[in-house]
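**Q** Quick one: the structure is below, questions incoming.
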Amino acid sequence: MSKQVTTIEWKEDKLFLLDQTVLPNVVAYRSFDTIQGVWDAIQDMIVRGAPAIGVTAAYGMYLGAKSIETSEMSEFQKGYKKIGEYLATSRPTAVNLSWAIDRMIDFSQKNDQLTVDKLKEQLLEEAKLIHKEDEEINYKIGENMLSLLSDGCGLLTHCNAGALATTKYGTATAAMYLAQEKNWDFKVYSDETRPRLQGSNLTAFELHQAGIDVTVITDSMAAVIMSKGEIDAIIVGADRVAANGDVANKIGTFNLSILAKNFNIPMYIAVPTPTIDMQTKTGAEIPIEERDSNEVIKGFGEFTAPKDVKVFNPAFDVTPHENITAIVTEKGIVRAPFEENLKKLFE
C-alpha cells in the first residue's frame with residue numbers, strides 16, 4: 001500500500017490536494033487555506049471522486065469557519081450556514097459533498113454551547129474524523145468486494161473510483177489492492193473514460209504505480225474484451241445511489257451495464273454508505289452535471305470538431321437498478337430488492 005499516491009493531506013493548517021488535472025505527467029500538490037480555494041478545487045476537478053470531494057468539503061467547511069469574524073454564536077451559525085450553501089454549488093451530482101457539508105453544519109449546531117473559538121477547533125477535529133472514517137470505510141468495502149471475486153479473475157473498471165478518488169484504497173479499486181496483498185494473480189482493464197480520460201490518466205496511473213497488472217482500453221472496446229471472456233466482473237464506483245438502487249456514475253457506466261447483462265457478467269457498484277441518498281427516490285431525480293463543450297471537442301489541445309458545433313456533455317449517466325448485480329458497501333453487500341435492502345443498511 002506504500003505505493004499508493006496520497007490524495008489529501010492536512011498539515012500546517014492548510015489543505016493539500018494532489019492536482020489531478022495534470023496527472024499522469026506531473027505529480028504535484030496544491031495548498032488551500034480559503035473556502036473560495038476549496039470551491040475552485042472541487043469545481044475545476046483538482047480533486048474529484050465522491051468520497052474525496054466529501055473529505056475536501058469537510059476541511060473546506062473548517063476553513064470557511066475560520067474566516068467568520070465574530071464571537072457571537074448566533075452570528076457565527078448564520079454565517080456558517082451561508083458558507084455551506086456556497087460550497088454546495090461547486091458540483092451538484094456527488095452526494096458526498098452535501099453530506100459532508102450537512103454533517104459539519106449539524107456538528108456546529110449541536111455544539112453551540114461552546115465559544116466560537118473552541119467550536120472552530122472542534123470543527124477541524126470533525127473534519128479529520130471524516131477523513132479517517134473514509135480510509136476505514138474503503139478498506140471494509142474492499143474486504144466485502146473481495147468475497148465476490150477469486151484468484152485469477154479479470155476485472156473491468158470505468159473512470160476512477162480508486163485511491164485518487166478517496167483518501168486511501170479507493171472504492172472500486174479497494175478489492176484490487178487487497179487482492180494484491182494476498183498475491184492473487186488477476187488482471188484489470190481500465191476504460192479510458194472519455195471525455196476527461198480519468199480511466200487512463202488516473203486509474204491506470206495509480207494501479208500501474210502500485211504494480212498491478214492493468215491494461216487501458218477505449219470505452220468502445222469494452223464489448224470486444226467481454227466477448228473474448230476476459231472479464232469476470234465489472235466494478236465501478238458511484239457519485240450517488242438513489243433509494244431504489246439506481247446509480248449515477250461517470251458517463252459510460254450505463255453502457256457497461258447493458259453489455260454486462262448481454263454477456264452475463266456481474267455488475268458491482270462499490271460505494272460508502274454516505275453515497276447512498278435515501279431522500280432521492282429514483283435515478284430520475286438525480287441532478288446530472290453538464291460540463292463545458294471543450295472537454296469533448298478540444299480535449300487533446302486542438303479542436304477535433306468544428307468550433308461552433310453543438311455538443312452534449314453530461315458528466316454522468318444513471319444505471320437502472322435492474323442492471324446491477326450488487327451494491328457493495330462497508331456495511332455489507334446489498335442485492336435486489338434494492339429499495340427494501342438499502343433501507344436495512346440504515347436501520
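Residue numbers start at 1 in each chain; chains themselves are named A, B, ... in the order of the C-alpha cells; ligands are numbered from 1 in the order shown.
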Determine, using only C-alpha atoms, which residues of range 297-339 of chain A have any atom at most 12 Å from an atom of range 174-178 of chain A, and tabulate each with its shortest atom pair and distance in Å to one decimal place, rows ordered by chain and then rising number, as a tab-separated table.

**A**
```
residue	atom	partner	partner_atom	distance
A:Val328	CA	A:Ala175	CA	10.8
A:Thr329	CA	A:Ala174	CA	11.3
A:Glu330	CA	A:Ala174	CA	11.1
```

**Q** Please produce, as a tab-separated table, a per-residue contact table for range 56-112 of chain A versus range 239-252 of chain A (criterion: any atom at most 7 Å away, only C-alpha atoms considered), showing the nearest atom pair and its distance in Å to one decimal, sorted by chain then residue number.

**A**
```
residue	atom	partner	partner_atom	distance
A:Thr93	CA	A:Asp239	CA	6.5
A:Ala94	CA	A:Asp239	CA	4.5
A:Val95	CA	A:Arg240	CA	5.6
```

**Q** Excluding same-chain residues fewer than 5 positions from Arg48 in chain A, what lies within 7 Å of it counting only C-alpha atoms, as a ChimeraX atom specification?

**A** /A:42,53,165

**Q** Could you pull out the strand (DSSP E or B) residues of range 17-237 of chain A from DSSP and send them as a list in words?

**A**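 So, restricting range 17-237 of chain A to strand (DSSP E or B), we get Leu17, Leu18, Tyr29, Arg30, Ser31, Phe32, Gly154, Leu155, Leu156, Thr157, Lys187, Val188, Tyr189, Ser190, Asp191, Val214, Thr215, Val216, Ile217, Ala233, Ile234, Ile235 and Val236 of chain A.
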
**Q** With C-alpha atoms kept, could you save the residues just selected as a PDB file, in the first residue's frame?

**A**
```pdb
ATOM      1  CA  LEU A  17      -4.583  18.248  -2.645  1.00  0.00           C
ATOM      2  CA  LEU A  18      -2.956  16.194  -5.355  1.00  0.00           C
ATOM      3  CA  TYR A  29       0.271  19.154  -4.791  1.00  0.00           C
ATOM      4  CA  ARG A  30      -1.571  22.427  -4.314  1.00  0.00           C
ATOM      5  CA  SER A  31      -2.368  24.008  -0.975  1.00  0.00           C
ATOM      6  CA  PHE A  32      -5.611  25.729   0.009  1.00  0.00           C
ATOM      7  CA  GLY A 154     -10.301 -10.488 -14.940  1.00  0.00           C
ATOM      8  CA  LEU A 155     -11.824  -7.169 -13.898  1.00  0.00           C
ATOM      9  CA  LEU A 156     -13.086  -4.128 -15.772  1.00  0.00           C
ATOM     10  CA  THR A 157     -13.460  -0.699 -14.221  1.00  0.00           C
ATOM     11  CA  LYS A 187      -5.793  -8.605 -14.457  1.00  0.00           C
ATOM     12  CA  VAL A 188      -7.547  -5.237 -14.633  1.00  0.00           C
ATOM     13  CA  TYR A 189      -8.868  -3.490 -17.729  1.00  0.00           C
ATOM     14  CA  SER A 190      -9.427   0.224 -17.314  1.00  0.00           C
ATOM     15  CA  ASP A 191     -11.790   2.070 -19.648  1.00  0.00           C
ATOM     16  CA  VAL A 214      -3.585  -3.021 -15.758  1.00  0.00           C
ATOM     17  CA  THR A 215      -4.476  -2.565 -19.424  1.00  0.00           C
ATOM     18  CA  VAL A 216      -6.064   0.609 -20.830  1.00  0.00           C
ATOM     19  CA  ILE A 217      -8.831   0.281 -23.407  1.00  0.00           C
ATOM     20  CA  ALA A 233     -16.679  -8.886 -13.089  1.00  0.00           C
ATOM     21  CA  ILE A 234     -17.206  -5.170 -13.643  1.00  0.00           C
ATOM     22  CA  ILE A 235     -16.512  -2.960 -10.636  1.00  0.00           C
ATOM     23  CA  VAL A 236     -17.284   0.751 -10.646  1.00  0.00           C
TER      24      VAL A 236
END
```

**Q** For Glu339 in chain A, which residue among A:Lys110, A:Arg291, A:Lys281, A:Lys78 is the nearest when counting only C-alpha atoms?

**A** A:Lys281

**Q** Which value, in Å to one decimal, gives the distance between CA of Asp185 in chain A and CA of Val27 in chain A?

**A**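 Taking CA of Asp185 in chain A and CA of Val27 in chain A, their separation equals 28.6 Å.
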
**Q** When DSSP is applied to the backbone of this structure, which of range 121-317 of chain A are assigned alpha helix (DSSP H)? Write them out as a count of residues only.

**A** 62

**Q** Could you give me, as an mmCIF file with C-alpha atoms, in the first residue's frame, the residues within 9 Å of range 111-128 of chain A, counting only C-alpha atoms and dropping anything in the same chain fewer than 3 positions from it?

**A**
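Result file part.cif:
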```cif
data_model
loop_
_atom_site.group_PDB
_atom_site.id
_atom_site.type_symbol
_atom_site.label_atom_id
_atom_site.label_comp_id
_atom_site.auth_asym_id
_atom_site.auth_seq_id
_atom_site.Cartn_x
_atom_site.Cartn_y
_atom_site.Cartn_z
ATOM 1 C CA TRP A 10 -3.939 18.286 6.199
ATOM 2 C CA VAL A 55 -13.448 14.890 2.747
ATOM 3 C CA THR A 56 -12.269 18.013 0.923
ATOM 4 C CA ALA A 57 -15.586 19.700 1.669
ATOM 5 C CA ALA A 58 -15.249 18.911 5.370
ATOM 6 C CA TYR A 59 -11.862 20.643 5.506
ATOM 7 C CA GLY A 60 -13.289 23.447 3.374
ATOM 8 C CA MET A 61 -16.043 23.972 5.933
ATOM 9 C CA TYR A 62 -13.408 24.349 8.634
ATOM 10 C CA LEU A 63 -11.515 26.883 6.533
ATOM 11 C CA ALA A 65 -15.415 28.716 9.742
ATOM 12 C CA LYS A 66 -12.010 30.322 10.305
ATOM 13 C CA THR A 70 -17.429 37.149 15.211
ATOM 14 C CA SER A 71 -17.545 35.966 18.796
ATOM 15 C CA GLU A 72 -21.365 35.804 18.805
ATOM 16 C CA MET A 73 -22.527 32.232 18.336
ATOM 17 C CA SER A 74 -25.811 33.135 16.630
ATOM 18 C CA PHE A 76 -21.422 32.514 13.556
ATOM 19 C CA GLN A 77 -24.137 29.923 12.892
ATOM 20 C CA ALA A 100 -20.130 16.372 4.439
ATOM 21 C CA ARG A 103 -22.569 16.892 8.833
ATOM 22 C CA MET A 104 -20.284 19.833 9.597
ATOM 23 C CA ASP A 106 -25.074 19.726 12.181
ATOM 24 C CA PHE A 107 -21.969 19.311 14.339
ATOM 25 C CA SER A 108 -21.700 23.068 14.653
ATOM 26 C CA HIS A 131 -11.009 11.858 6.723
ATOM 27 C CA LYS A 132 -10.096 8.899 8.965
ATOM 28 C CA GLU A 133 -13.505 7.281 8.547
#
```

**Q** I'd like the interatomic distance between CA of Asn96 in chain A and CA of Ala50 in chain A, to a tenth of an Å.

**A**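 So the answer is 5.6 Å.
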
**Q** Hey, can you check how far CA of Thr282 in chain A sits from CA of Glu322 in chain A?

**A**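 Those two atoms sit 12.2 Å apart.
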
**Q** Near range 141-147 of chain A, within 12 Å and counting only C-alpha atoms, which residues show up once chain neighbours fewer than 6 positions away are dropped, as a PyMOL selection string?

**A** chain A and resi 134-135+153+155+161-163+168-182+184+233-237+266-273+326-334

**Q** Print the selection's residues with C-alpha atoms to a file, as a PDB file, in the first residue's frame.

**A**
```
ATOM      1  CA  ASP A 134     -13.137   7.346   4.768  1.00  0.00           C
ATOM      2  CA  GLU A 135      -9.967   5.257   4.939  1.00  0.00           C
ATOM      3  CA  CYS A 153     -10.076 -13.153 -12.256  1.00  0.00           C
ATOM      4  CA  LEU A 155     -11.824  -7.169 -13.898  1.00  0.00           C
ATOM      5  CA  ALA A 161     -13.023   5.156  -8.082  1.00  0.00           C
ATOM      6  CA  GLY A 162      -9.569   4.409  -6.793  1.00  0.00           C
ATOM      7  CA  ALA A 163      -7.250   5.768  -4.152  1.00  0.00           C
ATOM      8  CA  LYS A 168      -6.889   5.603   0.533  1.00  0.00           C
ATOM      9  CA  TYR A 169      -7.619   2.241  -1.134  1.00  0.00           C
ATOM     10  CA  GLY A 170     -10.466   3.598  -3.238  1.00  0.00           C
ATOM     11  CA  THR A 171     -13.893   2.030  -3.525  1.00  0.00           C
ATOM     12  CA  ALA A 172     -13.887   0.141  -6.825  1.00  0.00           C
ATOM     13  CA  THR A 173     -10.138  -0.495  -6.521  1.00  0.00           C
ATOM     14  CA  ALA A 174     -10.061  -1.432  -2.822  1.00  0.00           C
ATOM     15  CA  ALA A 175     -10.504  -5.134  -3.572  1.00  0.00           C
ATOM     16  CA  MET A 176      -7.746  -4.895  -6.177  1.00  0.00           C
ATOM     17  CA  TYR A 177      -5.263  -3.613  -3.611  1.00  0.00           C
ATOM     18  CA  LEU A 178      -6.334  -6.266  -1.102  1.00  0.00           C
ATOM     19  CA  ALA A 179      -6.060  -8.978  -3.773  1.00  0.00           C
ATOM     20  CA  GLN A 180      -2.550  -7.754  -4.486  1.00  0.00           C
ATOM     21  CA  GLU A 181      -1.690  -8.120  -0.796  1.00  0.00           C
ATOM     22  CA  LYS A 182      -2.908 -11.733  -0.999  1.00  0.00           C
ATOM     23  CA  TRP A 184      -3.632 -13.098  -6.287  1.00  0.00           C
ATOM     24  CA  ALA A 233     -16.679  -8.886 -13.089  1.00  0.00           C
ATOM     25  CA  ILE A 234     -17.206  -5.170 -13.643  1.00  0.00           C
ATOM     26  CA  ILE A 235     -16.512  -2.960 -10.636  1.00  0.00           C
ATOM     27  CA  VAL A 236     -17.284   0.751 -10.646  1.00  0.00           C
ATOM     28  CA  GLY A 237     -17.896   3.433  -8.055  1.00  0.00           C
ATOM     29  CA  PRO A 266     -21.811  -9.379 -12.730  1.00  0.00           C
ATOM     30  CA  MET A 267     -22.045  -5.583 -12.401  1.00  0.00           C
ATOM     31  CA  TYR A 268     -20.837  -4.451  -8.973  1.00  0.00           C
ATOM     32  CA  ILE A 269     -21.138  -0.936  -7.543  1.00  0.00           C
ATOM     33  CA  ALA A 270     -18.644  -0.119  -4.771  1.00  0.00           C
ATOM     34  CA  VAL A 271     -19.791   2.746  -2.557  1.00  0.00           C
ATOM     35  CA  PRO A 272     -19.585   4.025   1.012  1.00  0.00           C
ATOM     36  CA  THR A 273     -22.973   4.453   2.668  1.00  0.00           C
ATOM     37  CA  ALA A 326     -24.926  -5.935  -6.150  1.00  0.00           C
ATOM     38  CA  ILE A 327     -24.088  -2.719  -4.349  1.00  0.00           C
ATOM     39  CA  VAL A 328     -21.097  -3.314  -2.094  1.00  0.00           C
ATOM     40  CA  THR A 329     -20.713  -1.039   0.945  1.00  0.00           C
ATOM     41  CA  GLU A 330     -18.667  -1.007   4.121  1.00  0.00           C
ATOM     42  CA  LYS A 331     -21.720  -2.358   5.950  1.00  0.00           C
ATOM     43  CA  GLY A 332     -22.293  -5.292   3.647  1.00  0.00           C
ATOM     44  CA  ILE A 333     -23.379  -6.484   0.217  1.00  0.00           C
ATOM     45  CA  VAL A 334     -26.812  -5.347  -0.972  1.00  0.00           C
TER      46      VAL A 334
END
```

**Q** Using only C-alpha atoms for the distances, tell me which of A:Ile68, A:Gln20, A:Thr89, A:Asp13 is nearest to Trp39 in chain A.

**A** A:Thr89

**Q** Please provide as a PyMOL selection string all residues within 10 Å of Met45 in chain A, with the sequence filter that same-chain residues fewer than 4 positions apart are discarded (counting only C-alpha atoms).

**A** chain A and resi 19-21+39-41+49+53+90-91

**Q** Residues as selected, C-alpha atoms, written as a PDB file, in the first residue's frame, can you do that?

**A**
```pdb
ATOM      1  CA  ASP A  19      -3.644  18.134  -8.562  1.00  0.00           C
ATOM      2  CA  GLN A  20      -5.406  15.514 -10.649  1.00  0.00           C
ATOM      3  CA  THR A  21      -5.715  17.793 -13.669  1.00  0.00           C
ATOM      4  CA  TRP A  39     -14.696  25.673  -4.086  1.00  0.00           C
ATOM      5  CA  ASP A  40     -12.413  26.146  -7.100  1.00  0.00           C
ATOM      6  CA  ALA A  41     -10.558  22.886  -6.409  1.00  0.00           C
ATOM      7  CA  GLY A  49     -14.359  11.353  -6.854  1.00  0.00           C
ATOM      8  CA  ILE A  53     -14.891  15.549  -2.560  1.00  0.00           C
ATOM      9  CA  SER A  90     -19.299  23.700  -6.581  1.00  0.00           C
ATOM     10  CA  ARG A  91     -20.616  20.439  -8.110  1.00  0.00           C
TER      11      ARG A  91
END
```

**Q** When you count only C-alpha atoms, which of these residues is closest to Lys81 in chain A: A:Leu345, A:Leu259, A:Ile130, A:Ile105?

**A**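 Ranked by minimum distance to Lys81 in chain A, first place goes to A:Ile105.
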
**Q** Please determine, counting only C-alpha atoms, which residue among A:Pro195, A:Leu129, A:Ile231, A:Asp102 has the shortest atom-to-atom distance to Lys298 in chain A.

**A**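 Result for the nearest residue to Lys298 in chain A: A:Pro195.
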